[in-house]
Every structure is written in C-alpha cells, then in structure tokens.
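Novice: The file below is structure-v7.txt, compact mmCIF, C-alpha atoms:
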```txt
# COMPACT_ATOMS: atom_id res chain seq x y z
CA MET E 1 10.62 8.40 30.07
CA LEU E 2 13.58 9.52 28.05
CA ASP E 3 16.49 11.69 28.93
CA ARG E 4 15.48 14.94 27.26
CA LYS E 5 18.74 16.58 26.46
CA GLU E 6 20.05 13.52 24.72
CA ASN E 7 17.13 13.18 22.40
CA THR E 8 15.30 16.35 21.49
CA ALA E 9 17.85 17.26 18.83
CA PHE E 10 17.34 13.85 17.21
CA PHE E 11 13.55 14.18 17.26
CA HIS E 12 13.74 17.71 15.91
CA GLU E 13 15.69 16.40 12.94
CA THR E 14 13.68 13.28 12.21
CA LEU E 15 10.07 14.17 13.09
CA SER E 16 8.94 16.95 10.76
CA PHE E 17 6.09 17.85 13.12
CA TRP E 18 8.27 18.24 16.22
CA LYS E 19 8.77 21.98 15.79
CA ASP E 20 5.00 22.54 15.50
CA LEU E 21 4.10 20.76 18.73
CA THR E 22 3.21 22.72 21.86
CA GLN E 23 5.36 22.19 24.94
CA PRO E 24 2.70 19.98 26.61
CA GLN E 25 2.52 17.88 23.43
CA LYS E 26 6.31 17.53 23.36
CA ASN E 27 6.28 16.49 27.00
CA MET E 28 3.59 13.90 26.39
CA LEU E 29 5.58 12.50 23.48
CA LEU E 30 8.82 12.31 25.48
CA GLN E 31 7.09 10.76 28.47
CA SER E 32 5.41 8.02 26.49
CA MET E 33 8.26 7.09 24.15
CA VAL E 34 10.17 3.91 24.85
CA LYS E 35 13.57 2.86 23.61
CA LYS E 36 13.74 -0.67 22.21
CA ASN E 37 16.52 -2.95 21.02
CA PHE E 38 16.07 -5.60 18.38
CA VAL E 39 18.50 -8.33 17.40
CA THR E 40 19.15 -9.53 13.85
CA GLY E 41 16.38 -11.79 12.58
CA GLU E 42 13.85 -10.53 15.09
CA SER E 43 10.41 -9.48 13.89
CA MET E 44 9.49 -5.89 14.56
CA ARG E 45 5.97 -6.54 13.53
CA SER E 46 4.17 -9.54 12.18
CA GLY E 47 0.93 -9.02 10.36
CA SER E 48 -2.07 -7.04 11.47
CA ASP E 49 -2.27 -8.51 14.96
CA ASN E 50 0.66 -6.39 16.06
CA CYS E 51 0.10 -2.68 16.29
CA SER E 52 2.47 -1.15 18.77
CA GLY E 53 3.00 2.28 17.24
CA LEU E 54 5.59 4.15 15.20
CA PHE E 55 9.20 3.03 15.31
CA LEU E 56 11.84 5.69 14.80
CA LEU E 57 15.16 4.05 13.96
CA GLN E 58 18.17 5.42 15.81
CA SER E 59 20.50 2.83 14.32
CA GLY E 60 20.31 -0.47 12.48
CA GLN E 61 18.54 -1.82 9.43
CA VAL E 62 15.18 -3.49 8.82
CA ARG E 63 13.28 -4.72 5.82
CA ALA E 64 9.54 -4.56 5.17
CA TYR E 65 8.05 -7.35 3.08
CA ILE E 66 4.88 -9.16 2.11
CA VAL E 67 4.31 -12.91 2.15
CA SER E 68 2.18 -15.02 -0.18
CA GLU E 69 -0.12 -17.79 1.01
CA SER E 70 2.51 -20.29 -0.06
CA GLY E 71 5.21 -18.49 1.93
CA LYS E 72 6.91 -16.64 -0.93
CA GLU E 73 8.30 -13.26 0.11
CA ILE E 74 9.21 -9.99 -1.58
CA THR E 75 10.94 -7.01 0.04
CA LEU E 76 9.01 -3.76 -0.37
CA TYR E 77 11.55 -1.40 1.17
CA ARG E 78 14.30 -1.16 3.75
CA LEU E 79 14.66 1.29 6.61
CA PHE E 80 17.85 2.69 8.08
CA GLU E 81 18.93 5.21 10.72
CA ARG E 82 16.47 8.13 10.98
CA ASP E 83 13.72 6.31 9.07
CA VAL E 84 10.27 5.83 10.53
CA CYS E 85 8.38 2.58 10.36
CA ILE E 86 4.76 3.57 9.80
CA PHE E 87 3.03 0.28 9.15
CA SER E 88 3.60 -0.79 12.72
CA ALA E 89 0.87 1.79 13.39
CA SER E 90 -1.45 0.68 10.62
CA CYS E 91 -4.31 -0.25 12.93
CA MET E 92 -4.61 3.49 13.53
CA MET E 93 -5.01 4.21 9.86
CA LYS E 94 -8.39 3.69 8.34
CA ASN E 95 -8.54 1.70 5.12
CA ILE E 96 -5.21 -0.10 5.48
CA ALA E 97 -6.13 -3.71 4.88
CA PHE E 98 -2.93 -5.58 4.22
CA ASP E 99 -0.16 -7.14 6.25
CA ILE E 100 3.37 -5.88 6.03
CA PHE E 101 6.02 -7.79 7.94
CA VAL E 102 9.13 -6.13 9.29
CA GLU E 103 12.31 -8.10 9.96
CA VAL E 104 15.46 -6.78 11.60
CA GLU E 105 18.45 -7.22 9.26
CA LYS E 106 21.02 -5.62 11.55
CA GLU E 107 20.83 -5.01 15.29
CA THR E 108 18.48 -2.06 15.65
CA GLN E 109 17.84 0.59 18.27
CA ALA E 110 14.53 2.34 17.89
CA TYR E 111 12.23 4.71 19.73
CA LEU E 112 8.65 3.53 19.90
CA ILE E 113 5.95 6.19 19.83
CA PRO E 114 3.03 4.24 21.30
CA ILE E 115 -0.12 4.05 19.22
CA SER E 116 -2.19 5.90 21.84
CA THR E 117 0.21 8.86 21.84
CA PHE E 118 0.46 9.07 18.08
CA SER E 119 -3.28 8.74 17.71
CA LYS E 120 -3.87 11.56 20.18
CA LEU E 121 -1.35 13.86 18.45
CA SER E 122 -2.89 13.07 15.04
CA LYS E 123 -6.23 14.32 16.29
CA GLU E 124 -4.69 17.51 17.67
CA ALA E 125 -2.06 18.59 15.18
CA LEU E 126 -2.35 19.17 11.45
CA SER E 127 1.40 18.77 11.07
CA VAL E 128 1.22 15.24 12.48
CA GLN E 129 -1.38 14.29 9.87
CA ALA E 130 0.81 15.88 7.19
CA PHE E 131 3.76 13.83 8.47
CA THR E 132 1.73 10.60 8.13
CA ASN E 133 0.71 11.65 4.62
CA GLU E 134 4.28 12.28 3.53
CA LEU E 135 5.50 9.05 5.06
CA MET E 136 2.78 7.03 3.38
CA ALA E 137 3.49 8.75 0.05
CA SER E 138 7.18 7.78 0.33
CA ARG E 139 6.40 4.16 1.03
CA PHE E 140 3.83 4.15 -1.75
CA THR E 141 6.48 5.42 -4.15
CA GLU E 142 8.90 2.67 -3.07
CA VAL E 143 6.26 -0.02 -3.48
CA ILE E 144 5.32 1.18 -6.98
CA TRP E 145 9.02 1.11 -7.90
CA ILE E 146 9.38 -2.47 -6.63
CA MET E 147 6.22 -3.44 -8.51
CA GLU E 148 7.54 -1.93 -11.74
CA GLN E 149 10.79 -3.81 -11.25
CA ALA E 150 9.11 -7.12 -10.47
CA LEU E 151 6.65 -6.89 -13.35
CA PHE E 152 8.49 -5.13 -16.09
CA MET E 153 12.21 -5.73 -15.56
CA SER E 154 14.12 -8.83 -16.65
CA PHE E 155 15.56 -10.87 -13.79
CA ASP E 156 19.23 -10.33 -14.71
CA LYS E 157 18.71 -6.56 -14.33
CA ARG E 158 16.89 -6.95 -11.02
CA LEU E 159 19.56 -9.21 -9.57
CA ALA E 160 22.35 -6.89 -10.74
CA LEU E 161 20.53 -3.92 -9.14
CA PHE E 162 20.10 -5.84 -5.91
CA LEU E 163 23.79 -6.83 -5.71
CA ILE E 164 24.88 -3.23 -6.29
CA GLU E 165 22.42 -1.89 -3.71
CA GLN E 166 23.52 -4.53 -1.21
CA SER E 167 27.16 -3.69 -1.82
CA ASN E 168 26.38 0.01 -1.21
CA ILE E 169 24.62 -0.81 2.05
CA GLU E 170 27.46 -3.07 3.24
CA GLU E 171 30.16 -0.77 1.84
CA SER E 172 31.90 -3.89 0.60
CA ASN E 173 32.26 -5.98 -2.55
CA SER E 174 32.04 -9.14 -0.50
CA LEU E 175 28.42 -9.93 0.32
CA GLU E 176 27.60 -12.45 3.00
CA ILE E 177 24.12 -13.43 1.93
CA THR E 178 22.53 -16.73 0.94
CA HIS E 179 20.77 -17.35 -2.38
CA GLU E 180 17.64 -18.10 -0.35
CA LYS E 181 17.69 -14.63 1.23
CA ILE E 182 18.15 -12.95 -2.14
CA ALA E 183 15.18 -14.95 -3.45
CA ASN E 184 13.08 -13.67 -0.53
CA HIS E 185 14.07 -10.09 -1.28
CA LEU E 186 13.20 -10.40 -4.95
CA GLY E 187 10.04 -12.50 -4.71
CA THR E 188 11.38 -15.48 -6.60
CA ALA E 189 12.67 -19.04 -6.01
CA ARG E 190 16.16 -19.88 -4.78
CA GLU E 191 16.88 -21.92 -7.92
CA VAL E 192 16.24 -18.87 -10.11
CA VAL E 193 18.75 -16.83 -8.10
CA THR E 194 21.37 -19.59 -8.17
CA ARG E 195 21.01 -20.04 -11.93
CA MET E 196 21.46 -16.33 -12.64
CA LEU E 197 24.37 -15.99 -10.19
CA LYS E 198 26.13 -18.86 -12.01
CA TYR E 199 25.59 -17.02 -15.27
CA PHE E 200 27.08 -13.86 -13.67
CA GLN E 201 30.04 -16.00 -12.52
CA ASN E 202 30.60 -17.38 -16.04
CA GLU E 203 30.65 -13.79 -17.26
CA SER E 204 33.28 -12.96 -14.59
CA MET E 205 31.04 -10.40 -12.88
CA VAL E 206 30.97 -12.23 -9.53
CA SER E 207 32.63 -15.16 -7.86
CA LEU E 208 30.59 -17.51 -5.69
CA ASN E 209 31.90 -18.94 -2.47
CA ARG E 210 30.27 -20.71 0.43
CA GLY E 211 27.69 -18.27 1.83
CA ALA E 212 29.27 -15.29 0.11
CA ILE E 213 29.22 -13.48 -3.22
CA GLU E 214 32.21 -11.47 -4.32
CA ILE E 215 31.60 -8.69 -6.83
CA LEU E 216 34.51 -8.85 -9.31
CA ASN E 217 33.37 -6.48 -12.03
CA ARG E 218 31.03 -3.81 -10.68
CA LYS E 219 31.10 -1.82 -13.92
CA LYS E 220 29.83 -4.76 -15.95
CA LEU E 221 27.06 -5.34 -13.39
CA GLU E 222 26.08 -1.69 -13.57
CA GLN E 223 25.95 -1.80 -17.35
CA LEU E 224 23.49 -4.65 -17.07
CA THR E 225 21.08 -2.41 -15.13
CA LEU E 226 20.96 0.34 -17.77
CA MET C 1 -19.70 27.99 -9.62
CA LEU C 2 -22.06 25.14 -8.93
CA ASP C 3 -25.73 25.12 -8.19
CA ARG C 4 -25.69 24.63 -4.46
CA LYS C 5 -28.89 22.85 -3.78
CA GLU C 6 -28.20 20.24 -6.39
CA ASN C 7 -24.83 19.29 -5.04
CA THR C 8 -24.29 19.79 -1.33
CA ALA C 9 -26.02 16.51 -0.47
CA PHE C 10 -23.67 14.67 -2.82
CA PHE C 11 -20.57 16.33 -1.34
CA HIS C 12 -21.77 15.67 2.16
CA GLU C 13 -21.98 11.98 1.32
CA THR C 14 -18.73 11.62 -0.58
CA LEU C 15 -16.29 14.02 1.08
CA SER C 16 -15.75 12.89 4.66
CA PHE C 17 -14.42 16.33 5.61
CA TRP C 18 -17.43 18.30 4.28
CA LYS C 19 -19.27 18.35 7.61
CA ASP C 20 -16.19 19.73 9.38
CA LEU C 21 -15.69 22.69 7.06
CA THR C 22 -16.71 26.19 8.06
CA GLN C 23 -19.30 27.98 5.92
CA PRO C 24 -16.63 30.18 4.25
CA GLN C 25 -14.62 27.05 3.45
CA LYS C 26 -17.70 25.37 1.97
CA ASN C 27 -18.37 28.45 -0.12
CA MET C 28 -14.81 28.56 -1.38
CA LEU C 29 -15.02 24.88 -2.34
CA LEU C 30 -18.33 25.31 -4.17
CA GLN C 31 -17.15 28.42 -5.96
CA SER C 32 -13.96 26.86 -7.26
CA MET C 33 -15.28 23.43 -8.23
CA VAL C 34 -15.82 22.72 -11.91
CA LYS C 35 -17.90 20.01 -13.52
CA LYS C 36 -16.13 18.08 -16.28
CA ASN C 37 -17.20 15.48 -18.82
CA PHE C 38 -14.87 12.83 -20.18
CA VAL C 39 -15.52 10.48 -23.08
CA THR C 40 -14.46 6.83 -23.21
CA GLY C 41 -10.77 6.43 -23.95
CA GLU C 42 -9.91 9.95 -22.83
CA SER C 43 -7.03 10.48 -20.43
CA MET C 44 -7.94 12.08 -17.14
CA ARG C 45 -4.35 12.51 -16.29
CA SER C 46 -1.14 11.50 -17.98
CA GLY C 47 1.99 11.30 -15.92
CA SER C 48 3.39 13.89 -13.57
CA ASP C 49 3.03 16.85 -15.94
CA ASN C 50 -0.69 16.94 -15.31
CA CYS C 51 -1.82 18.03 -11.88
CA SER C 52 -5.23 19.56 -12.04
CA GLY C 53 -6.65 18.58 -8.67
CA LEU C 54 -8.97 16.02 -7.13
CA PHE C 55 -11.65 14.45 -9.31
CA LEU C 56 -14.84 13.36 -7.61
CA LEU C 57 -16.74 10.94 -9.86
CA GLN C 58 -20.44 11.60 -10.18
CA SER C 59 -20.90 8.86 -12.76
CA GLY C 60 -18.79 6.71 -15.06
CA GLN C 61 -15.77 4.46 -14.72
CA VAL C 62 -12.02 5.03 -14.96
CA ARG C 63 -8.94 2.89 -14.49
CA ALA C 64 -5.62 3.91 -12.95
CA TYR C 65 -2.53 2.15 -14.31
CA ILE C 66 1.24 2.30 -14.61
CA VAL C 67 3.25 1.90 -17.80
CA SER C 68 6.68 0.35 -18.28
CA GLU C 69 9.41 1.90 -20.42
CA SER C 70 8.53 -0.61 -23.12
CA GLY C 71 4.85 0.37 -23.01
CA LYS C 72 3.54 -2.57 -20.97
CA GLU C 73 0.62 -1.63 -18.71
CA ILE C 74 -0.99 -2.94 -15.54
CA THR C 75 -4.20 -1.70 -13.94
CA LEU C 76 -3.76 -0.70 -10.28
CA TYR C 77 -7.39 0.03 -9.48
CA ARG C 78 -10.64 1.25 -10.96
CA LEU C 79 -12.86 4.08 -9.81
CA PHE C 80 -16.62 4.34 -10.04
CA GLU C 81 -19.42 6.69 -8.99
CA ARG C 82 -18.61 8.46 -5.69
CA ASP C 83 -14.91 7.56 -5.84
CA VAL C 84 -12.24 10.21 -5.61
CA CYS C 85 -9.21 10.27 -7.88
CA ILE C 86 -6.36 11.42 -5.66
CA PHE C 87 -3.30 10.97 -7.85
CA SER C 88 -4.48 13.75 -10.14
CA ALA C 89 -3.41 15.93 -7.20
CA SER C 90 -0.11 14.19 -6.56
CA CYS C 91 2.01 17.29 -7.23
CA MET C 92 0.53 18.62 -4.00
CA MET C 93 1.73 15.62 -2.06
CA LYS C 94 5.31 15.57 -0.96
CA ASN C 95 7.27 12.40 -1.66
CA ILE C 96 5.05 11.04 -4.43
CA ALA C 97 7.53 10.25 -7.17
CA PHE C 98 5.76 8.02 -9.66
CA ASP C 99 3.41 8.43 -12.55
CA ILE C 100 -0.06 6.99 -12.47
CA PHE C 101 -2.12 7.27 -15.63
CA VAL C 102 -5.90 7.48 -15.56
CA GLU C 103 -8.02 6.41 -18.52
CA VAL C 104 -11.76 6.82 -18.87
CA GLU C 105 -13.40 3.42 -19.45
CA LYS C 106 -16.97 4.67 -19.59
CA GLU C 107 -18.23 8.20 -20.17
CA THR C 108 -17.56 10.03 -16.91
CA GLN C 109 -18.92 13.09 -15.20
CA ALA C 110 -16.71 14.43 -12.46
CA TYR C 111 -16.30 17.43 -10.21
CA LEU C 112 -12.81 18.85 -10.17
CA ILE C 113 -11.60 20.37 -6.92
CA PRO C 114 -8.74 22.54 -8.21
CA ILE C 115 -5.32 21.94 -6.71
CA SER C 116 -5.14 25.47 -5.25
CA THR C 117 -8.41 24.99 -3.35
CA PHE C 118 -7.53 21.55 -2.04
CA SER C 119 -4.09 22.71 -1.05
CA LYS C 120 -5.52 25.68 0.87
CA LEU C 121 -8.08 23.49 2.68
CA SER C 122 -5.37 20.94 3.55
CA LYS C 123 -3.43 23.65 5.33
CA GLU C 124 -6.48 24.80 7.25
CA ALA C 125 -8.40 21.68 8.18
CA LEU C 126 -7.23 18.58 9.99
CA SER C 127 -10.17 16.62 8.58
CA VAL C 128 -8.99 17.32 5.01
CA GLN C 129 -5.55 15.89 5.82
CA ALA C 130 -7.24 12.88 7.42
CA PHE C 131 -9.32 12.44 4.25
CA THR C 132 -6.15 12.41 2.12
CA ASN C 133 -4.61 9.87 4.50
CA GLU C 134 -7.57 7.55 4.29
CA LEU C 135 -7.75 7.83 0.51
CA MET C 136 -4.06 7.11 0.11
CA ALA C 137 -4.34 4.14 2.48
CA SER C 138 -7.20 2.70 0.37
CA ARG C 139 -5.24 3.02 -2.85
CA PHE C 140 -2.17 1.58 -1.15
CA THR C 141 -4.20 -1.43 -0.09
CA GLU C 142 -5.48 -1.94 -3.65
CA VAL C 143 -1.97 -1.69 -5.09
CA ILE C 144 -0.57 -4.22 -2.60
CA TRP C 145 -3.42 -6.58 -3.53
CA ILE C 146 -2.64 -6.22 -7.25
CA MET C 147 1.04 -6.75 -6.52
CA GLU C 148 0.32 -9.93 -4.56
CA GLN C 149 -1.83 -11.18 -7.42
CA ALA C 150 0.72 -10.35 -10.09
CA LEU C 151 3.65 -11.86 -8.19
CA PHE C 152 2.21 -14.77 -6.33
CA MET C 153 -0.90 -15.94 -8.20
CA SER C 154 -0.91 -18.22 -11.22
CA PHE C 155 -2.20 -16.63 -14.41
CA ASP C 156 -5.27 -18.88 -14.79
CA LYS C 157 -6.50 -17.67 -11.38
CA ARG C 158 -5.83 -14.03 -12.21
CA LEU C 159 -7.64 -14.22 -15.54
CA ALA C 160 -10.62 -16.02 -13.97
CA LEU C 161 -10.78 -13.32 -11.25
CA PHE C 162 -10.62 -10.59 -13.88
CA LEU C 163 -13.45 -12.10 -15.97
CA ILE C 164 -15.68 -12.46 -12.91
CA GLU C 165 -14.94 -8.89 -11.78
CA GLN C 166 -15.58 -7.58 -15.29
CA SER C 167 -18.84 -9.48 -15.49
CA ASN C 168 -19.90 -7.96 -12.13
CA ILE C 169 -19.08 -4.46 -13.36
CA GLU C 170 -20.95 -4.96 -16.65
CA GLU C 171 -23.76 -6.92 -15.00
CA SER C 172 -23.56 -9.31 -17.94
CA ASN C 173 -22.00 -12.62 -18.90
CA SER C 174 -21.16 -11.26 -22.33
CA LEU C 175 -18.00 -9.16 -22.13
CA GLU C 176 -17.09 -6.87 -25.01
CA ILE C 177 -13.39 -6.58 -24.43
CA THR C 178 -10.35 -7.37 -26.57
CA HIS C 179 -7.54 -9.72 -25.50
CA GLU C 180 -5.20 -6.74 -25.84
CA LYS C 181 -7.18 -4.74 -23.26
CA ILE C 182 -7.21 -7.64 -20.81
CA ALA C 183 -3.43 -7.94 -21.25
CA ASN C 184 -3.08 -4.24 -20.37
CA HIS C 185 -5.17 -4.69 -17.25
CA LEU C 186 -3.16 -7.68 -16.07
CA GLY C 187 0.33 -6.53 -17.02
CA THR C 188 1.02 -9.29 -19.51
CA ALA C 189 1.21 -9.91 -23.27
CA ARG C 190 -1.81 -10.39 -25.53
CA GLU C 191 -0.59 -13.85 -26.57
CA VAL C 192 -0.62 -15.00 -22.94
CA VAL C 193 -4.24 -13.89 -22.55
CA THR C 194 -5.31 -15.52 -25.83
CA ARG C 195 -3.64 -18.82 -24.91
CA MET C 196 -5.34 -18.97 -21.50
CA LEU C 197 -8.73 -17.94 -22.91
CA LYS C 198 -8.48 -20.78 -25.45
CA TYR C 199 -7.75 -23.15 -22.58
CA PHE C 200 -10.83 -21.78 -20.75
CA GLN C 201 -12.83 -22.36 -23.97
CA ASN C 202 -11.63 -25.95 -24.24
CA GLU C 203 -12.78 -26.47 -20.66
CA SER C 204 -16.20 -25.00 -21.60
CA MET C 205 -15.90 -22.12 -19.18
CA VAL C 206 -16.14 -19.42 -21.84
CA SER C 207 -16.85 -19.13 -25.55
CA LEU C 208 -14.81 -16.75 -27.68
CA ASN C 209 -16.37 -14.66 -30.42
CA ARG C 210 -15.15 -11.70 -32.42
CA GLY C 211 -14.40 -8.95 -29.86
CA ALA C 212 -16.42 -10.64 -27.15
CA ILE C 213 -16.08 -13.27 -24.44
CA GLU C 214 -19.14 -15.15 -23.23
CA ILE C 215 -18.99 -16.66 -19.77
CA LEU C 216 -20.63 -20.10 -20.02
CA ASN C 217 -19.78 -21.64 -16.67
CA ARG C 218 -19.32 -19.03 -13.99
CA LYS C 219 -19.20 -21.57 -11.19
CA LYS C 220 -16.26 -23.39 -12.76
CA LEU C 221 -14.44 -20.07 -13.24
CA GLU C 222 -15.06 -19.19 -9.60
CA GLN C 223 -13.72 -22.54 -8.45
CA LEU C 224 -10.52 -21.75 -10.31
CA THR C 225 -10.00 -18.64 -8.17
CA LEU C 226 -10.22 -20.46 -4.82
```
Kindly transcribe the structure held in the file into structure tokens.
Specialist:
Amino acid sequence: MLDRKENTAFFHETLSFWKDLTQPQKNMLLQSMVKKNFVTGESMRSGSDNCSGLFLLQSGQVRAYIVSESGKEITLYRLFERDVCIFSASCMMKNIAFDIFVEVEKETQAYLIPISTFSKLSKEALSVQAFTNELMASRFTEVIWIMEQALFMSFDKRLALFLIEQSNIEESNSLEITHEKIANHLGTAREVVTRMLKYFQNESMVSLNRGAIEILNRKKLEQLTL
Amino acid sequence: MLDRKENTAFFHETLSFWKDLTQPQKNMLLQSMVKKNFVTGESMRSGSDNCSGLFLLQSGQVRAYIVSESGKEITLYRLFERDVCIFSASCMMKNIAFDIFVEVEKETQAYLIPISTFSKLSKEALSVQAFTNELMASRFTEVIWIMEQALFMSFDKRLALFLIEQSNIEESNSLEITHEKIANHLGTAREVVTRMLKYFQNESMVSLNRGAIEILNRKKLEQLTL
C-alpha cells in the first residue's frame, strides 16, 4: 500500500478518472498499487504472455516497439514522466491481438495498477472506460504517424527527425547512441543508418565519433525535415 | 425513423451494447438512425472535416486508407456486412489526430448513428464505451498487422497475400482490378505491382489480361506467403 499524502496529488493529475472515483474505489486503487523500479535495458513487458496491468510512469523513459519474425524492430512510441503504459494491460482488452514490447531506456520508477484492480474499476466506472478510450486513441495516433513516416517519408528525412527528437529528449547536441539502436528505432538495417550518417557528416550536419553523434548544424538538419 | 420490427434483430446482433440499453435509449437510437446508400467509388468520409457518426454496414464493402502528402495510399482495413465504421465518428474521440479516408468498393447500404446520439449514449452507458474500446482495439490490431506487413515482409509475399485475400472476397479466381488499385492498397507504386505481377506470370501463378488478373496456381501463390 502506498503512502497516501505523497501520491494522491500525482494521481489526480495523471489519471483523468481519479476525480470521478468514489472514496472506496480510490482506497481500493491505492491499496492495490505497487511501486516498481526498472533499470535501463530491462523489459517492462514482453509479448502477450505478460499482462501485469497499467504502468504509470513517475520518472524515466521507455520505448514501445514491435518485432518482426526475423528480429527487426521499429519503435512505435516513447513514454515519459506522467505517461501511462496501456498495452501492459492488453489481455484485459478484447480484440487486441498483437504483441507490443516495452523496453526501459532510462531508469524508470512506475506505479503498477494491477490488472484485477483496473478490470474491476472499468466495469464500475464510465470515466475509467473513457480513460482507456482516450489512451488507446493517443497511441493509435502515434502509430499511424510512425506508419506514415516509415512508408511515405524518405530515409534522410526520417533520420534527421529522429536525431532532432533525440537531441530534444537528451537536451544535448551530443547523442550517445549506436547506429544499431537507431536502426531498431527506425525499422531498418544498421548499414542503412551508417550510410546516411556518413552522408550527413560529409554535409557537415553531424560529426561521428566512437559511440556518439554530435549535431553540428541543427538548422540544416531541420531544413531536411521540411 | 426506422421500421422497428425490421431492424431490431440486426442491431441486437451487431451492436454489443444494444441489450444493455434502456427502452428510452433504444427508442432514441432508432429514432435518430438514418439509412444511407453509397455507390461504388463514393467517399464515406474524407479526412477530419467529415464527422457524421458511426456507420453500421448492412451490405456492401468499403476500404479505410491513409494518404501521404504526395498522394500515395495504403489500405488499413476493409469493412463488410455487419462491420462498424468507427473513424467516421473520430471527432467525438479525444486524442484522435489523424485522417482516415473511407472509400466504397461495392455498393453499400449502411445505418448512420448520428454523432449527437452516439455521444449522448457514450456518456450514459458503460457498455457503449466498452463497445468503442473493443472496436478501436480491433482496428488497432489490423493497422499493426498492415504495418508489420509493409515494413517487414518482402513485396512478393505481400502481393501474393493480397491476391489470395481478394480472390476470397470475390469468391473467384478472376480478379477485375487494375495494377494502380493494387498499388493503392499496398502503399507502393504501380510499376512495382506490374513488375511483380509479370514475375508471377512468368512463374505461371497468374495470367494477366486487360484489366483482369487470373489466378492459375493458387497453391503456388499460397506457398509464397508462408
């Protein structure tokens, strides 16, 4: 059970249905929630065999991705502080028939709302169902955006977008990320990433060092994405 | 207003929330529903500016697709008799921020549940929210499947899968469809489709005629998809 005072403000802000719950429902939620810590690289969920419940991120960063039969990956979306990981509760949702994997990118602290609790609340409260709907709609929107990028956008644009996004997340122009990891984010092969990064380097947009990419000309990169 | 006797059985079968509605709610639904006819090629919905409500297909066939800035298309899913088109009500759903287009492939008869009615019911009935959740989860699953195909599957496999699916829908081995239309379904260029179809013809899997594709060796096509 959680320390109430510490947390209710946080839940009020992040769970849109919190204010609509009755006091007994709030108590049930608080009593069943568990705080979990994840280290970088850890899996928060792997495939459909793992259905622990909803994770509410208090701090950290995770990425959700799909994997092909041959092991190719593509990132669907990333979650940060105050985001809710819904597909770790997908067994509860009828008609979800795909596997989304979730990997911890930065040490993460999260509250777990166990599947039994969330399932019970969903049957009792309209606002909980509405919350699930809104969350699913957000993720759907992100996935469609990634799909449009992957299908309709040239790879130089996609890579430039990724580097800018990554630099925003890290709040730095120096990105410590391997070409392999970028390939896994973008659903392509490492060689394709390396080739394009070398082209960016020839154009003086980035400089490549061992295990790091330095953004030299952010403006030129941004122009590429227009 | 609809003729009750004719339709309640159909709604009972297709709308999972029907049995949970009160009699006044059922009456409201019946009174506001409108029957619509669409001809082949007609748009059921184009982009976000069009938000009429939920369409419940009584007969016919439609396809939902996205379009790139340059006009490239890819089919996300198809709907048939008894399916419900949910993205024609997306303005009602918070956090949906993408445009799905819906095109009528075969003359379609559909009931329209106007947005105002569906919105009112969603606020009153938990089972209506659950219905939306399940519908969105189904479409999400289909979109992830298409994304996996488009990103991770070789084009010969994808085209073979499409021809087999199309032949199942048409219940015929003779498909009257242009290479252009297939390209729009699969998110690629016409030339790519033509090239692969010619390869299939050389391998005696299909024969190509003016405006039609004849499947000659279904088994061989199916083996390609494994």
Novice: What's the 10 Å shell around E:Met93, counting only C-alpha atoms, without same-chain residues fewer than 4 positions away, as a CSV table (one decimal) with C-alpha atoms, in the coordinates of the input?
Specialist:
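The resulting out.csv:
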```
chain,number,residue,atom,x,y,z
E,86,ILE,CA,4.8,3.6,9.8
E,87,PHE,CA,3.0,0.3,9.2
E,89,ALA,CA,0.9,1.8,13.4
E,97,ALA,CA,-6.1,-3.7,4.9
E,119,SER,CA,-3.3,8.7,17.7
E,132,THR,CA,1.7,10.6,8.1
C,130,ALA,CA,-7.2,12.9,7.4
C,133,ASN,CA,-4.6,9.9,4.5
C,134,GLU,CA,-7.6,7.6,4.3
C,137,ALA,CA,-4.3,4.1,2.5
C,138,SER,CA,-7.2,2.7,0.4
```
Novice: Would you please work out which residue, of E:Arg139, E:Arg82, E:Lys106, E:Lys19, is nearest to chain C when using only C-alpha atoms?
Specialist: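 Result for the nearest residue to chain C: E:Arg139.
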Novice: If the cut-off is 10 Å, can you tell me the residues of chain E near chain C, counting all atoms listed in the file? I'd like them as number ranges by chain.
Specialist: E: 66-74, 76, 90, 93-100, 122-153, 187-188
Novice: Separation of atom CA of E:Leu30 and atom CA of E:Trp18, in Å?
Specialist: 11.0 Å
Novice: Can you pull out the residues contacting stretch 54-63 of chain C? Cut-off 8 Å, using only C-alpha atoms, and skip same-chain residues under 2 positions away; I want them as a short mmCIF file (atom, residue, chain, number, x, y, z; two decimals) with C-alpha atoms, in the coordinates of the input.
Specialist:
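Output file out-v5.cif is given in full below:
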```cif
data_model
loop_
_atom_site.label_atom_id
_atom_site.label_comp_id
_atom_site.auth_asym_id
_atom_site.auth_seq_id
_atom_site.Cartn_x
_atom_site.Cartn_y
_atom_site.Cartn_z
CA SER C 52 -5.23 19.56 -12.04
CA TYR C 65 -2.53 2.15 -14.31
CA THR C 75 -4.20 -1.70 -13.94
CA LEU C 76 -3.76 -0.70 -10.28
CA TYR C 77 -7.39 0.03 -9.48
CA ARG C 78 -10.64 1.25 -10.96
CA LEU C 79 -12.86 4.08 -9.81
CA PHE C 80 -16.62 4.34 -10.04
CA GLU C 81 -19.42 6.69 -8.99
CA ARG C 82 -18.61 8.46 -5.69
CA ASP C 83 -14.91 7.56 -5.84
CA VAL C 84 -12.24 10.21 -5.61
CA CYS C 85 -9.21 10.27 -7.88
CA ILE C 86 -6.36 11.42 -5.66
CA PHE C 87 -3.30 10.97 -7.85
CA SER C 88 -4.48 13.75 -10.14
CA ALA C 89 -3.41 15.93 -7.20
CA VAL C 102 -5.90 7.48 -15.56
CA GLU C 103 -8.02 6.41 -18.52
CA VAL C 104 -11.76 6.82 -18.87
CA GLU C 105 -13.40 3.42 -19.45
CA LYS C 106 -16.97 4.67 -19.59
CA GLU C 107 -18.23 8.20 -20.17
CA THR C 108 -17.56 10.03 -16.91
CA GLN C 109 -18.92 13.09 -15.20
CA ALA C 110 -16.71 14.43 -12.46
CA TYR C 111 -16.30 17.43 -10.21
CA LEU C 112 -12.81 18.85 -10.17
CA ILE C 113 -11.60 20.37 -6.92
CA PRO C 114 -8.74 22.54 -8.21
CA ILE C 115 -5.32 21.94 -6.71
CA PHE C 118 -7.53 21.55 -2.04
#
```
Novice: Pick out the closest residue to E:Phe11 from this set: E:Leu29, E:Glu165, E:Leu159, E:Ser154. Count only C-alpha atoms.
Specialist: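 The shortest atom-to-atom distance to E:Phe11 comes from E:Leu29.
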Novice: Quick one: pull the distance between atom CA of E:Leu163 and atom CA of E:Glu191, Å, one decimal.
Specialist: 16.7 Å
Novice: Find, counting all atoms listed in the file, the residue in E:Ser116, E:Tyr199, E:Glu214, E:Ala64 that gets nearest to E:His185.
Specialist: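 Comparing E:Ser116, E:Tyr199, E:Glu214, E:Ala64 against E:His185, the winner is E:Ala64.
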Novice: Just to confirm, what's the straight-line distance from atom CA of E:Arg195 to atom CA of C:Asp156 in Å (one decimal)?
Specialist: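 A separation of 26.5 Å between them.
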Novice: Closest to C:Glu171 among C:Met92, C:Val192, C:Leu208, C:Ile215, using only C-alpha atoms?
Specialist: C:Ile215
Novice: I'd like to know which of C:Leu175, C:Met28, C:Ile169, C:Ile182 is closest to C:Ser207, using all atoms listed in the file.
Specialist: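 Ranking C:Leu175, C:Met28, C:Ile169, C:Ile182 by distance to C:Ser207, first place goes to C:Leu175.
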Novice: Work out where the centre of an axis-aligned box around every listed atom of stretch 164-176 of chain E lies and how long its edges are once 5 Å is added on each side; give both in Å to one decimal as JSON.
Specialist:
```
{"center_x": 27.3, "center_y": -6.2, "center_z": -1.5, "size_x": 19.8, "size_y": 22.5, "size_z": 19.5}
```
